[in-house]
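What follows is a single structure, written as structure tokens, with notes after it.
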Amino acid sequence: MEVGFLGLGIMGKAMAVNLLRNGFEVTVWNRTLSKCEELVEHGASVGETPAAVVKKCKYTIAMLSDPPAAISVVFGKDGVLEQLCDGKGYIDMSTVDADTSSKISKAITEVGGRFLEAPVSGSKKPAEDGQLIILAAGDKALYEEMLPAFSVLGKKDFFLGEVGNGAKMKLIVNMIMGSTMNAFSEGLALAGRTGLSPETLIEMLGLGAVGNPMIMMKGPTMLKSNYSPAFPLKHQQKDMRLALALGEENGLAMPVAAAANEAFIRAKSLGLGDQDFSAVYEAVKADGLKQ
Ligand SMILES: NC(=O)C1=CN([C@@H]2O[C@H](COP(=O)(O)OP(=O)(O)OC[C@H]3O[C@@H](n4cnc5c(N)ncnc54)[C@H](OP(=O)(O)O)[C@@H]3O)[C@@H](O)[C@H]2O)C=CC1
Ligand SMILES: O=CC(=O)O
């Protein structure tokens with residue numbers, strides 16, 4: 001199967017490599033074109049523009065940072081829309097809001113293309129290992145045609161119905177993740193501030209129901225102040241912001257998520273946006289030190 005792949009960041013690179021390793025023919029594009037070179041070493045071809053990739057491939061996957069990036073790659077000069085026609089499929093796996101996804105879907109179907117949103121849960125390592133959870137919605141036939149690729153990229157896929165449902169589900173999952181990370185960071189910081197051992201706290205959490213895989217994986221690296229990015233903090237804050245907007249649209253107050261969002265904004269203002277999202281711990285720890 002031949003696929004195009006747009007966006008070779010942390011996730012896109014791992015996913016494209018995975019497809020290549022599993023026998024897919026992959027044509028890649030990235031805004032910073034030099035990032036394509038590593039993929040060429042794995043057997044990829046390069047398209048000079050998103051339009052060139054779409055022209056060559058029946059199916060094109062995108063994995064881009066945020067709504068403005070997803071929009072610009074589709075609607076911009078040399079963008080996806082210039083070549084998307086005749087039943088070609090466009091699969092956006094980026095985490096965006098439902099409005100962005102619907103806008104892209106409408107434009108693509110208007111020119112005769114087919115659209116599937118398929119954001120993923122799972123980070124750099126699951127992407128490398130083909131263990132993502134895929135939350136697809138949109139064109140059902142396109143979803144079924146993409147199953148060979150999804151079975152390489154993920155350990156489980158869901159088809160959630162109409163466009164927007166995948167985006168909403170992904171934002172809800174990440175809202176819970178961001179709030180949990182903040183609660184955990186506050187607990188670690190409070191243990192430290194009261195003279196208790198944060199290491200012992202993590203060990204105790206791991207013995208009971210509260211010690212989820214995220215806490216058990218990130219806790220030890222947080223205590224070493226190792227924030228090498230798997231999931232960049234700026235993207236987690238984008239997801240909190242989009243989830244809060246979804247809450248407001250639906251008349252739901254979410255004070256826990258709102259507080260977590262503020263903590264991520266504060267961490268960004270401290271220059272931690274490109275670090276792993278667990279670096280919010282540094283912002284939490286720094287709070288109130290002058291009292
Ligand atoms: N990292 C993770 O653990 C996970 C991330 N996600 C989501 O997946 C998406 C990608 O994440 P990740 O790979 O971590 O992000 P990165 O920041 O590592 O990569 C972002 C990608 O988007 C491209 N990009 C950014 N702005 C533009 C633009 N205006 N036009 C064209 N391309 C652009 C970047 O290109 P360039 O190289 O030129 O900057 C890069 O290829 C995000 O939506 C994120 O929320 C979902 C699950 C897990
Ligand atoms: O979106 C991030 C993730 O870990 O999932």
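We label chains A, B, ... in the order they appear in the structure tokens, count residues from 1 in each chain, and number ligands from 1 in the order shown.
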_Expected selection as a PyMOL selection string for ligand 2 within 7 Å, only C-alpha atoms and all ligand atoms_ = chain A and resi 120-123+174+231+236
Once you have the residues from the selection above, write them out as an mmCIF file, in the first residue's frame, restricted to N, CA and C atoms.
data_model
loop_
_atom_site.group_PDB
_atom_site.id
_atom_site.type_symbol
_atom_site.label_atom_id
_atom_site.label_comp_id
_atom_site.auth_asym_id
_atom_site.auth_seq_id
_atom_site.Cartn_x
_atom_site.Cartn_y
_atom_site.Cartn_z
ATOM 1 N N VAL A 120 -4.771 10.303 17.653
ATOM 2 C CA VAL A 120 -4.286 9.116 18.364
ATOM 3 C C VAL A 120 -4.018 9.406 19.825
ATOM 4 N N SER A 121 -4.152 8.379 20.619
ATOM 5 C CA SER A 121 -3.754 8.452 22.016
ATOM 6 C C SER A 121 -2.529 7.561 22.164
ATOM 7 N N GLY A 122 -1.574 8.042 22.959
ATOM 8 C CA GLY A 122 -0.302 7.305 23.044
ATOM 9 C C GLY A 122 0.772 8.233 22.543
ATOM 10 N N SER A 123 1.947 8.095 23.072
ATOM 11 C CA SER A 123 2.979 9.095 22.845
ATOM 12 C C SER A 123 4.082 8.574 21.925
ATOM 13 N N ASN A 174 -7.282 13.821 26.569
ATOM 14 C CA ASN A 174 -6.100 14.616 26.944
ATOM 15 C C ASN A 174 -6.393 15.608 28.056
ATOM 16 N N PHE A 231 5.781 14.126 24.701
ATOM 17 C CA PHE A 231 4.595 14.918 24.358
ATOM 18 C C PHE A 231 4.870 16.354 24.812
ATOM 19 N N GLN A 236 0.146 19.880 24.984
ATOM 20 C CA GLN A 236 -0.802 19.548 26.058
ATOM 21 C C GLN A 236 -1.628 20.788 26.424
#
*For ligand 1, collect every residue having any atom at a distance of at most 9 Å from a ligand atom (counting only C-alpha atoms and all ligand atoms); output as an MDAnalysis selection string.*
chainID A and resid 6:14 29:35 62:73 76 93:96 119:127 132 170 174 229:232 234:236 238:239 274 276
Please produce, as CSV, a per-residue contact table for segment 84-137 of chain A versus segment 149-166 of chain A (criterion: any atom at most 7 Å away, only C-alpha atoms considered), showing the nearest atom pair and its distance in Å to one decimal, sorted by chain then residue number.
residue,atom,partner,partner_atom,distance
A:Ala98,CA,A:Gly164,CA,4.2
A:Ser101,CA,A:Gly164,CA,6.3
A:Ser102,CA,A:Val163,CA,6.2
A:Glu117,CA,A:Gly166,CA,6.5
A:Ala118,CA,A:Gly166,CA,6.4
A:Pro119,CA,A:Gly166,CA,6.6
A:Ala127,CA,A:Leu153,CA,6.7
A:Gly130,CA,A:Leu153,CA,4.2
A:Gln131,CA,A:Gly154,CA,4.4
A:Leu132,CA,A:Gly154,CA,4.0
A:Ile133,CA,A:Lys156,CA,5.1
A:Ile134,CA,A:Asp157,CA,4.4
A:Leu135,CA,A:Gly166,CA,5.1
A:Ala136,CA,A:Phe159,CA,4.8
A:Ala137,CA,A:Gly161,CA,5.0
Residues of the last selection are to be written out with N, CA and C atoms, as a CSV table (one decimal), in the first residue's frame.
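Result file is part.csv:
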chain,number,residue,atom,x,y,z
A,98,ALA,N,-13.0,20.0,16.8
A,98,ALA,CA,-14.0,19.5,15.8
A,98,ALA,C,-14.3,20.5,14.7
A,101,SER,N,-11.6,20.3,12.1
A,101,SER,CA,-11.7,19.0,11.4
A,101,SER,C,-12.9,19.1,10.4
A,102,SER,N,-14.0,19.7,10.8
A,102,SER,CA,-15.2,19.8,10.0
A,102,SER,C,-14.9,20.8,8.8
A,117,GLU,N,-10.9,11.8,10.1
A,117,GLU,CA,-10.1,12.3,11.2
A,117,GLU,C,-9.7,11.1,12.0
A,118,ALA,N,-8.5,11.0,12.5
A,118,ALA,CA,-8.0,9.9,13.2
A,118,ALA,C,-6.9,10.2,14.2
A,119,PRO,N,-7.3,11.1,15.2
A,119,PRO,CA,-6.3,11.5,16.2
A,119,PRO,C,-5.9,10.2,17.0
A,127,ALA,N,4.1,5.3,19.5
A,127,ALA,CA,4.1,5.5,18.1
A,127,ALA,C,5.3,4.7,17.5
A,130,GLY,N,4.1,1.0,17.4
A,130,GLY,CA,2.9,0.6,16.7
A,130,GLY,C,1.8,0.3,17.8
A,131,GLN,N,1.8,1.0,18.9
A,131,GLN,CA,0.8,0.7,20.0
A,131,GLN,C,-0.1,1.9,20.3
A,132,LEU,N,-0.4,2.7,19.2
A,132,LEU,CA,-1.3,3.8,19.4
A,132,LEU,C,-2.7,3.4,19.5
A,133,ILE,N,-3.6,4.2,20.1
A,133,ILE,CA,-5.0,4.0,20.1
A,133,ILE,C,-5.6,5.0,19.1
A,134,ILE,N,-6.3,4.6,18.1
A,134,ILE,CA,-6.7,5.4,17.0
A,134,ILE,C,-8.2,5.7,17.1
A,135,LEU,N,-8.5,7.0,17.1
A,135,LEU,CA,-9.9,7.5,17.3
A,135,LEU,C,-10.5,8.1,16.0
A,136,ALA,N,-11.0,7.2,15.1
A,136,ALA,CA,-11.3,7.6,13.8
A,136,ALA,C,-12.8,8.1,13.7
A,137,ALA,N,-13.1,9.0,12.8
A,137,ALA,CA,-14.4,9.4,12.5
A,137,ALA,C,-14.5,10.0,11.1
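Considering the residues A:Thr27, A:Gln83, A:Asn212, A:Ser185 and counting only C-alpha atoms, Val284 of chain A has its shortest atom-to-atom contact with A:Ser185.
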_Option closest in space to Gly89 of chain A, from A:Phe24, A:Phe5, A:Phe277, A:Phe75 [counting only C-alpha atoms]_ =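 For Gly89 of chain A, the nearest of the candidates is A:Phe5.
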*Where in segment 76-273 of chain A does DSSP assign strand (DSSP E or B), given as a list in words?*
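Output for segment 76-273 of chain A, strand (DSSP E or B) only: Gly89, Tyr90, Ile91, Asp92, Arg114, Phe115, Leu116, Glu117, Val120, Ser121, Leu132, Ile133, Ile134, Leu135, Ala136, Ala137, Gly138, Gly154, Lys155, Lys156, Asp157, Phe158, Phe159 and Pro232 of chain A.
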Identify, on the basis of only C-alpha atoms, every residue whose closest approach to Cys85 of chain A does not exceed 12 Å; exclude the query and any residue fewer than 4 positions from it along the same chain; express the result as a compact mmCIF listing (two decimals) with C-alpha atoms, in the first residue's frame.
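Resulting contents of around-v9.txt:
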# COMPACT_ATOMS: atom_id res chain seq x y z
CA ALA A 51 0.17 19.05 -3.13
CA VAL A 54 -1.33 14.16 -2.67
CA LYS A 55 -0.86 14.09 -6.45
CA LYS A 56 1.30 10.96 -6.12
CA CYS A 57 -0.65 9.06 -3.45
CA LYS A 58 -4.22 7.81 -3.24
CA TYR A 59 -4.07 8.13 0.57
CA VAL A 80 -3.49 19.44 -0.10
CA LEU A 81 -6.60 20.95 -1.72
CA GLY A 89 -8.36 10.00 0.82
CA TYR A 90 -7.02 12.49 3.36
CA ALA A 107 -13.40 21.52 1.73
CA ILE A 108 -12.08 18.08 0.82
CA THR A 109 -15.44 16.51 0.07
CA GLU A 110 -16.42 19.56 -2.01
CA VAL A 111 -13.58 18.81 -4.42
CA GLY A 112 -14.46 15.11 -4.64
CA GLY A 113 -12.05 13.82 -2.01
CA ARG A 114 -12.75 11.73 1.09
CA PHE A 115 -11.88 12.66 4.68
*Would you give me, as JSON, numbers by chain, the residues in segment 70-279 of chain A that DSSP reads as alpha helix (DSSP H)?*
{"A": [70, 71, 72, 73, 74, 75, 98, 99, 100, 101, 102, 103, 104, 105, 106, 107, 108, 109, 110, 124, 125, 126, 127, 128, 129, 140, 141, 142, 143, 144, 145, 146, 147, 148, 149, 150, 151, 152, 153, 165, 166, 167, 168, 169, 170, 171, 172, 173, 174, 175, 176, 177, 178, 179, 180, 181, 182, 183, 184, 185, 186, 187, 188, 189, 190, 191, 192, 193, 198, 199, 200, 201, 202, 203, 204, 205, 206, 207, 213, 214, 215, 216, 217, 218, 219, 220, 221, 222, 223, 233, 234, 235, 236, 237, 238, 239, 240, 241, 242, 243, 244, 245, 246, 247, 248, 249, 255, 256, 257, 258, 259, 260, 261, 262, 263, 264, 265, 266, 267, 268, 269]}
What does the file look like for those residues with C-alpha atoms, as a compact mmCIF listing (two decimals), in the first residue's frame?
# COMPACT_ATOMS: atom_id res chain seq x y z
CA ALA A 70 -3.63 21.57 9.92
CA ILE A 71 -5.48 24.38 8.14
CA SER A 72 -2.43 25.83 6.45
CA VAL A 73 -1.27 22.49 5.02
CA VAL A 74 -4.70 21.92 3.46
CA PHE A 75 -5.69 25.44 2.33
CA ALA A 98 -14.00 19.49 15.84
CA ASP A 99 -14.53 22.81 14.01
CA THR A 100 -11.12 22.61 12.36
CA SER A 101 -11.71 19.01 11.37
CA SER A 102 -15.16 19.82 9.95
CA LYS A 103 -13.79 22.76 7.96
CA ILE A 104 -11.14 20.50 6.41
CA SER A 105 -13.67 17.74 5.77
CA LYS A 106 -16.09 20.10 4.01
CA ALA A 107 -13.40 21.52 1.73
CA ILE A 108 -12.08 18.08 0.82
CA THR A 109 -15.44 16.51 0.07
CA GLU A 110 -16.42 19.56 -2.01
CA LYS A 124 6.41 8.79 21.21
CA LYS A 125 7.15 5.24 22.40
CA PRO A 126 3.72 3.80 21.48
CA ALA A 127 4.13 5.51 18.08
CA GLU A 128 7.52 3.82 17.62
CA ASP A 129 6.12 0.47 18.74
CA LYS A 140 -16.47 4.85 6.88
CA ALA A 141 -15.28 3.35 3.59
CA LEU A 142 -12.01 5.28 3.87
CA TYR A 143 -11.65 4.05 7.46
CA GLU A 144 -11.97 0.46 6.25
CA GLU A 145 -9.43 1.03 3.47
CA MET A 146 -6.99 2.46 6.06
CA LEU A 147 -7.21 -0.55 8.40
CA PRO A 148 -3.99 -2.14 7.08
CA ALA A 149 -2.13 1.07 8.02
CA PHE A 150 -3.97 1.46 11.32
CA SER A 151 -3.10 -2.10 12.28
CA VAL A 152 0.59 -1.22 11.89
CA LEU A 153 0.32 2.12 13.70
CA ASN A 165 -16.40 12.86 17.22
CA GLY A 166 -12.79 11.65 17.00
CA ALA A 167 -11.49 15.15 17.72
CA LYS A 168 -13.82 15.58 20.69
CA MET A 169 -12.98 12.18 22.19
CA LYS A 170 -9.25 12.87 21.86
CA LEU A 171 -9.59 16.25 23.59
CA ILE A 172 -11.55 14.67 26.44
CA VAL A 173 -8.87 12.01 26.93
CA ASN A 174 -6.10 14.62 26.94
CA MET A 175 -8.02 16.91 29.28
CA ILE A 176 -8.14 14.05 31.80
CA MET A 177 -4.43 13.38 31.22
CA GLY A 178 -3.46 17.03 31.74
CA SER A 179 -5.54 17.36 34.90
CA THR A 180 -4.10 14.12 36.27
CA MET A 181 -0.55 15.29 35.57
CA ASN A 182 -1.23 18.46 37.54
CA ALA A 183 -2.74 16.63 40.51
CA PHE A 184 0.26 14.30 40.54
CA SER A 185 2.72 17.22 40.29
CA GLU A 186 1.04 18.95 43.23
CA GLY A 187 1.27 15.74 45.27
CA LEU A 188 4.97 15.30 44.47
CA ALA A 189 5.66 18.95 45.29
CA LEU A 190 3.73 18.77 48.56
CA ALA A 191 5.59 15.61 49.58
CA GLY A 192 8.86 17.41 48.92
CA ARG A 193 7.76 20.61 50.70
CA PRO A 198 8.62 11.85 46.66
CA GLU A 199 10.25 8.54 45.69
CA THR A 200 8.37 6.78 48.48
CA LEU A 201 5.15 8.51 47.40
CA ILE A 202 5.54 7.12 43.86
CA GLU A 203 6.29 3.65 45.21
CA MET A 204 3.18 3.78 47.40
CA LEU A 205 1.00 5.05 44.54
CA GLY A 206 2.22 2.15 42.44
CA LEU A 207 0.95 -0.36 44.97
CA PRO A 213 0.87 3.92 33.92
CA MET A 214 1.46 7.63 33.24
CA ILE A 215 2.36 8.35 36.87
CA MET A 216 4.57 5.29 37.13
CA MET A 217 6.38 6.08 33.85
CA LYS A 218 6.77 9.85 34.24
CA GLY A 219 7.26 10.05 38.03
CA PRO A 220 10.86 8.78 38.13
CA THR A 221 11.98 11.02 35.24
CA MET A 222 10.25 14.04 36.81
CA LEU A 223 12.23 13.51 40.01
CA LEU A 233 3.98 20.72 26.97
CA LYS A 234 2.83 23.35 24.45
CA HIS A 235 0.67 20.69 22.74
CA GLN A 236 -0.80 19.55 26.06
CA GLN A 237 -1.76 23.17 26.81
CA LYS A 238 -3.30 23.47 23.31
CA ASP A 239 -5.40 20.38 24.09
CA MET A 240 -6.52 21.78 27.49
CA ARG A 241 -7.51 25.04 25.77
CA LEU A 242 -9.48 23.24 23.06
CA ALA A 243 -11.14 20.92 25.61
CA LEU A 244 -12.19 23.92 27.72
CA ALA A 245 -13.74 25.52 24.63
CA LEU A 246 -15.60 22.27 23.99
CA GLY A 247 -16.86 22.35 27.59
CA GLU A 248 -18.06 25.92 27.19
CA GLU A 249 -19.84 25.11 23.89
CA PRO A 255 -12.87 24.02 37.03
CA VAL A 256 -10.30 21.24 37.45
CA ALA A 257 -9.32 21.38 33.78
CA ALA A 258 -9.31 25.20 33.87
CA ALA A 259 -6.84 25.20 36.78
CA ALA A 260 -4.65 22.64 35.02
CA ASN A 261 -4.70 24.79 31.88
CA GLU A 262 -3.47 27.78 33.90
CA ALA A 263 -0.60 25.68 35.25
CA PHE A 264 0.43 24.69 31.70
CA ILE A 265 0.22 28.34 30.59
CA ARG A 266 2.44 29.29 33.52
CA ALA A 267 4.90 26.53 32.60
CA LYS A 268 5.00 27.84 29.02
CA SER A 269 5.74 31.33 30.32
*Using only C-alpha atoms, find the one residue out of A:Glu25, A:Glu82, A:Gly195, A:Asp97 that sits nearest to Pro50 of chain A.*
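For Pro50 of chain A, the nearest of the given residues is A:Glu82.
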*atom CA of Ala253 of chain A and atom CA of Ser278 of chain A, how far apart in Å?*
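Taking atom CA of Ser278 of chain A as the start and atom CA of Ala253 of chain A as the end point, the length is 24.7 Å.
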*From the list A:Leu270, A:Ala279, A:Ala52, A:Ile91, which residue is nearest Lys77 of chain A when using only C-alpha atoms?*
A:Ala52
*Between A:Gly251, A:Asn226, A:Gly23, A:Asp78, which is the closest to Leu272 of chain A once you count only C-alpha atoms?*
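Checking each candidate against Leu272 of chain A, we get A:Asn226 as the closest.
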*Enter the distance from atom CA of Met1 of chain A to atom CA of Gly138 of chain A, in Å, rounded to one decimal.*
21.0 Å
